[in-house]
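Visitor: Supplied in structure tokens, the structure appears directly below.
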Amino acid sequence: MSAVSPSPAASAPKLLRWAPAWVLAFVALWPLHGFAELLLVLGALTGLATLLVQRFRGGTRLLSGPAWALTSVLFFTYWLPELVSALDAVDTWRSLREVLIDLRYLPFLWLVAAAVDTQRGWRKTFTGLGVIALLWTLDALMEAAIGHSPVFWLLDHARIALTGHSMCAGSTVVADRLGGVLGPCNLKLGILLASLSPFALDLAWRKFGRAGWLLAALGIGLVIILAGSRASWITYALVMLWTGWRALGWKRLGLLFAAGALAMTLATVVSPQVRGRMQLTAQALSANEQGVDAALTGRGRIWSAAVCMLREHPINGVGVRGFRDAFPGCDPQPGVVAAWGTGVALHAHQIVLEVLSETGLVGFMIWLAGAALALRAWRFADAAARTRARPAMLALAVSVFPLNTHLAAYSTFWGSVLLLLAALYAGSLLGRDSD
């Protein structure tokens, strides 16, 4: 009698059977970013030996061959421009340090992709991400009702108990919009929730159908409006367009967008914070350059500086994270107080200009090549694989949508978010179909 071969899930190393929990813990700790970064490093180092040993024994118990290839390609799409730009960067040592530190992302991407390589892992990970996004939404709605975030309060007191310092220690507290779990000193809730919303909407659709999707969409949309980030409004509008026509059809989706416009109008009347953002946006209708720059909170000035950096360093840019050092030499209005306050601009606030100014045309071409390979993988995947990967694909696509403003792609926080989404996309699209 022949022996029965164990399933991939059953024969996988214990470390990777815990990979979905590791990924979810990493995301849940984003409000405590220092602890999330520590978890990233420890998980990557712990998993590296297992990943390499299992992979180079010739097995595919961890990842399918195509998933290994695409995950590695997406990492090098991000990392190679750093390396090229460091050769003659404005701050060479800083750029080289970033290049070496960011090598930790390679085992990080492998482990994240392995977490969703099987149906079981995919289900746990994507469901968990949806639950986290929905919990953050409920917490933010409670903040809108009672004036503070219960989850942030718990996390802040836990951090004080562990380290003796508040999450906002040494930071400027700007409570002019909804902060949610990230707190009043880290106003990234809107853009973070917009990027994670495909997982929440997919979970609501799978579990509760059209009614669940609609309720989740309205709750997340309200939080994103109150969070006040105009970039997040654009990001979430793209998510709603892609998922809404599938869930509601075009006619019902049009009614939903009309309701959203009405909600935005009411929020403008009721909320001073939203009203301020709308008034600022209205300045873009001004015919002069100063009005447009003010509406963009000084980004027009920053983008002019980014173009200057590209013009002066067209091949490989000024170096990753070298924007702040090169800005004074390219500032179109030196000596004039900027719309964002004192100090130099830290990054380009737009992903295309960030890549071009910091890594040059070489880096930009590498990014385009990586995007082309990711699209090619989607094109040749079967329908079942596309269905599995659709939430991750959408989250990644709207997060790097070029006609928007962005956080710094090469910063520690947002860089890890983008790479996480890239690994989830590769692992779910090219993973194994069953356990």
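Residues in the structure tokens are numbered from 1 in each chain, the chains being A, B, ... in the order shown, and ligands are numbered from 1 in the order shown.
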Would you mind listing what lies within 12 Å of stretch 245-258 of chain A as a ChimeraX atom specification, with only C-alpha atoms counted and same-chain residues fewer than 6 positions away left out?
Guide: /A:201-202,204-206,208-215,217-218,221,236-239,264-265
Visitor: Could you build a table of the residues in stretch 153-207 of chain A lying no more than 9 Å from stretch 28-35 of chain A, giving for each the nearest pair of atoms and their separation in Å rounded to one decimal place, using only C-alpha atoms, ordered by chain and ascending residue number, as a tab-separated table?
Guide:
residue	atom	partner	partner_atom	distance
A:Leu155	CA	A:Leu32	CA	7.7
A:Asp156	CA	A:Leu32	CA	8.6
A:Arg159	CA	A:Leu32	CA	8.1
A:Met167	CA	A:Leu32	CA	7.4
A:Val181	CA	A:Pro31	CA	6.2
A:Leu182	CA	A:Pro31	CA	4.9
A:Gly183	CA	A:Pro31	CA	8.0
A:Asn186	CA	A:Pro31	CA	8.7
Visitor: Okay, now the selection with N, CA, C and O atoms, as a compact mmCIF listing (two decimals), in the first residue's frame?
Guide:
# COMPACT_ATOMS: atom_id res chain seq x y z
N LEU A 155 -3.67 51.62 23.95
CA LEU A 155 -2.31 51.44 23.46
C LEU A 155 -1.35 52.44 24.10
O LEU A 155 -0.21 52.09 24.44
N ASP A 156 -1.80 53.67 24.25
CA ASP A 156 -0.95 54.70 24.84
C ASP A 156 -0.59 54.36 26.27
O ASP A 156 0.57 54.48 26.69
N ARG A 159 1.88 51.50 26.34
CA ARG A 159 3.23 51.95 26.02
C ARG A 159 3.86 52.69 27.20
O ARG A 159 5.05 52.53 27.48
N MET A 167 2.82 57.69 23.48
CA MET A 167 2.98 57.57 22.04
C MET A 167 3.19 58.93 21.39
O MET A 167 3.76 59.01 20.30
N VAL A 181 -6.76 55.19 15.94
CA VAL A 181 -5.80 54.38 16.69
C VAL A 181 -4.39 54.96 16.63
O VAL A 181 -3.55 54.64 17.47
N LEU A 182 -4.11 55.79 15.63
CA LEU A 182 -2.78 56.37 15.51
C LEU A 182 -2.59 57.58 16.41
O LEU A 182 -1.45 58.00 16.65
N GLY A 183 -3.67 58.16 16.89
CA GLY A 183 -3.57 59.26 17.84
C GLY A 183 -3.52 60.62 17.18
O GLY A 183 -3.37 60.75 15.97
N ASN A 186 -0.26 61.66 15.00
CA ASN A 186 0.14 60.88 13.82
C ASN A 186 -1.09 60.74 12.92
O ASN A 186 -1.77 59.73 12.94
Visitor: Step one, run DSSP on the backbone; step two, keep only residues of stretch 19-204 of chain A assigned to helix (DSSP H, G or I); then write them as a PyMOL selection string.
Guide: chain A and resi 19-28+33-56+65-88+92-115+119-146+150-163+180-182+189-204
Visitor: Would you write out those residues with C-alpha atoms, as a tab-separated table (two decimals), in the first residue's frame?
Guide:
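Result file part09.tsv:
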chain	number	residue	atom	x	y	z
A	19	ALA	CA	3.08	33.29	9.33
A	20	PRO	CA	-0.51	34.61	9.03
A	21	ALA	CA	-0.58	35.43	12.76
A	22	TRP	CA	2.81	37.14	12.40
A	23	VAL	CA	1.56	39.29	9.52
A	24	LEU	CA	-1.60	40.27	11.39
A	25	ALA	CA	0.34	41.12	14.54
A	26	PHE	CA	2.66	43.32	12.48
A	27	VAL	CA	-0.29	45.25	11.00
A	28	ALA	CA	-2.11	45.51	14.34
A	33	HIS	CA	5.38	51.56	14.98
A	34	GLY	CA	8.55	50.95	16.95
A	35	PHE	CA	7.17	47.63	18.18
A	36	ALA	CA	5.91	46.79	14.66
A	37	GLU	CA	9.39	47.45	13.27
A	38	LEU	CA	10.93	45.23	15.96
A	39	LEU	CA	8.47	42.47	15.07
A	40	LEU	CA	9.36	42.88	11.39
A	41	VAL	CA	13.08	42.51	12.06
A	42	LEU	CA	12.72	39.58	14.48
A	43	GLY	CA	10.32	37.78	12.18
A	44	ALA	CA	12.52	38.32	9.15
A	45	LEU	CA	15.67	37.13	10.93
A	46	THR	CA	13.95	34.13	12.49
A	47	GLY	CA	12.34	33.12	9.23
A	48	LEU	CA	15.34	33.74	7.00
A	49	ALA	CA	17.20	30.55	7.89
A	50	THR	CA	14.08	28.41	7.53
A	51	LEU	CA	13.11	30.03	4.26
A	52	LEU	CA	16.54	29.64	2.68
A	53	VAL	CA	17.12	26.09	3.89
A	54	GLN	CA	13.73	24.88	2.71
A	55	ARG	CA	13.92	26.73	-0.58
A	56	PHE	CA	17.37	25.57	-1.62
A	65	GLY	CA	8.19	28.95	-7.85
A	66	PRO	CA	6.33	31.82	-9.56
A	67	ALA	CA	5.48	33.37	-6.19
A	68	TRP	CA	9.16	33.25	-5.17
A	69	ALA	CA	10.10	34.92	-8.44
A	70	LEU	CA	7.52	37.71	-8.37
A	71	THR	CA	8.08	38.47	-4.67
A	72	SER	CA	11.82	38.77	-5.22
A	73	VAL	CA	11.31	40.91	-8.34
A	74	LEU	CA	9.07	43.33	-6.44
A	75	PHE	CA	11.66	43.62	-3.68
A	76	PHE	CA	14.45	44.41	-6.15
A	77	THR	CA	12.16	46.88	-7.92
A	78	TYR	CA	12.14	48.79	-4.63
A	79	TRP	CA	15.73	48.15	-3.53
A	80	LEU	CA	17.85	48.42	-6.70
A	81	PRO	CA	17.00	52.11	-7.26
A	82	GLU	CA	18.26	52.77	-3.73
A	83	LEU	CA	21.55	51.07	-4.52
A	84	VAL	CA	22.03	52.91	-7.80
A	85	SER	CA	21.16	56.28	-6.27
A	86	ALA	CA	23.61	55.81	-3.39
A	87	LEU	CA	26.67	55.88	-5.66
A	88	ASP	CA	26.88	59.68	-5.76
A	92	THR	CA	26.25	59.17	0.56
A	93	TRP	CA	26.55	57.61	4.00
A	94	ARG	CA	22.86	58.09	4.78
A	95	SER	CA	21.87	56.56	1.45
A	96	LEU	CA	24.22	53.59	1.90
A	97	ARG	CA	22.83	53.01	5.38
A	98	GLU	CA	19.29	52.96	3.94
A	99	VAL	CA	20.41	50.47	1.28
A	100	LEU	CA	21.85	48.08	3.88
A	101	ILE	CA	18.98	48.44	6.35
A	102	ASP	CA	16.34	47.83	3.68
A	103	LEU	CA	17.79	44.40	2.88
A	104	ARG	CA	15.69	43.22	5.82
A	105	TYR	CA	12.65	43.57	3.59
A	106	LEU	CA	13.59	40.61	1.39
A	107	PRO	CA	12.91	37.88	3.98
A	108	PHE	CA	9.99	40.03	5.16
A	109	LEU	CA	8.40	39.80	1.70
A	110	TRP	CA	9.07	36.07	1.47
A	111	LEU	CA	7.40	35.42	4.80
A	112	VAL	CA	4.38	37.60	3.99
A	113	ALA	CA	3.94	35.86	0.63
A	114	ALA	CA	4.25	32.47	2.33
A	115	ALA	CA	1.48	33.48	4.75
A	119	GLN	CA	-6.03	28.69	0.82
A	120	ARG	CA	-5.92	28.32	4.59
A	121	GLY	CA	-3.26	30.97	5.03
A	122	TRP	CA	-4.94	33.29	2.53
A	123	ARG	CA	-8.27	33.00	4.33
A	124	LYS	CA	-6.77	33.71	7.75
A	125	THR	CA	-4.63	36.62	6.58
A	126	PHE	CA	-7.15	38.44	4.38
A	127	THR	CA	-9.95	37.93	6.89
A	128	GLY	CA	-7.72	39.21	9.68
A	129	LEU	CA	-6.74	42.31	7.71
A	130	GLY	CA	-10.41	43.04	7.04
A	131	VAL	CA	-11.25	42.64	10.73
A	132	ILE	CA	-8.43	45.00	11.74
A	133	ALA	CA	-9.61	47.66	9.27
A	134	LEU	CA	-13.20	47.36	10.49
A	135	LEU	CA	-12.17	47.56	14.15
A	136	TRP	CA	-10.14	50.68	13.42
A	137	THR	CA	-13.22	52.10	11.67
A	138	LEU	CA	-15.47	51.42	14.68
A	139	ASP	CA	-12.87	52.94	16.99
A	140	ALA	CA	-12.66	56.10	14.86
A	141	LEU	CA	-16.46	56.40	14.81
A	142	MET	CA	-16.41	56.21	18.60
A	143	GLU	CA	-13.79	58.97	18.65
A	144	ALA	CA	-16.08	61.11	16.49
A	145	ALA	CA	-18.90	60.51	18.99
A	146	ILE	CA	-17.09	60.80	22.36
A	150	PRO	CA	-10.63	54.01	23.07
A	151	VAL	CA	-8.04	51.84	21.30
A	152	PHE	CA	-5.47	54.65	21.20
A	153	TRP	CA	-6.08	55.26	24.92
A	154	LEU	CA	-5.40	51.58	25.68
A	155	LEU	CA	-2.31	51.44	23.46
A	156	ASP	CA	-0.95	54.70	24.84
A	157	HIS	CA	-1.29	53.54	28.44
A	158	ALA	CA	0.23	50.17	27.56
A	159	ARG	CA	3.23	51.95	26.02
A	160	ILE	CA	3.57	54.19	29.06
A	161	ALA	CA	3.54	51.09	31.30
A	162	LEU	CA	6.22	49.40	29.18
A	163	THR	CA	8.50	52.30	28.32
A	180	GLY	CA	-8.15	57.13	15.55
A	181	VAL	CA	-5.80	54.38	16.69
A	182	LEU	CA	-2.78	56.37	15.51
A	189	LEU	CA	-5.47	57.26	9.70
A	190	GLY	CA	-7.29	58.35	6.53
A	191	ILE	CA	-4.71	57.19	4.02
A	192	LEU	CA	-3.93	54.00	5.97
A	193	LEU	CA	-7.58	53.02	6.25
A	194	ALA	CA	-8.21	53.85	2.58
A	195	SER	CA	-5.35	51.52	1.57
A	196	LEU	CA	-6.66	48.70	3.79
A	197	SER	CA	-10.31	49.22	2.83
A	198	PRO	CA	-10.30	46.61	0.01
A	199	PHE	CA	-9.72	43.88	2.60
A	200	ALA	CA	-12.55	45.16	4.82
A	201	LEU	CA	-14.98	45.51	1.92
A	202	ASP	CA	-14.07	42.08	0.55
A	203	LEU	CA	-14.66	40.52	3.99
A	204	ALA	CA	-18.01	42.30	4.37
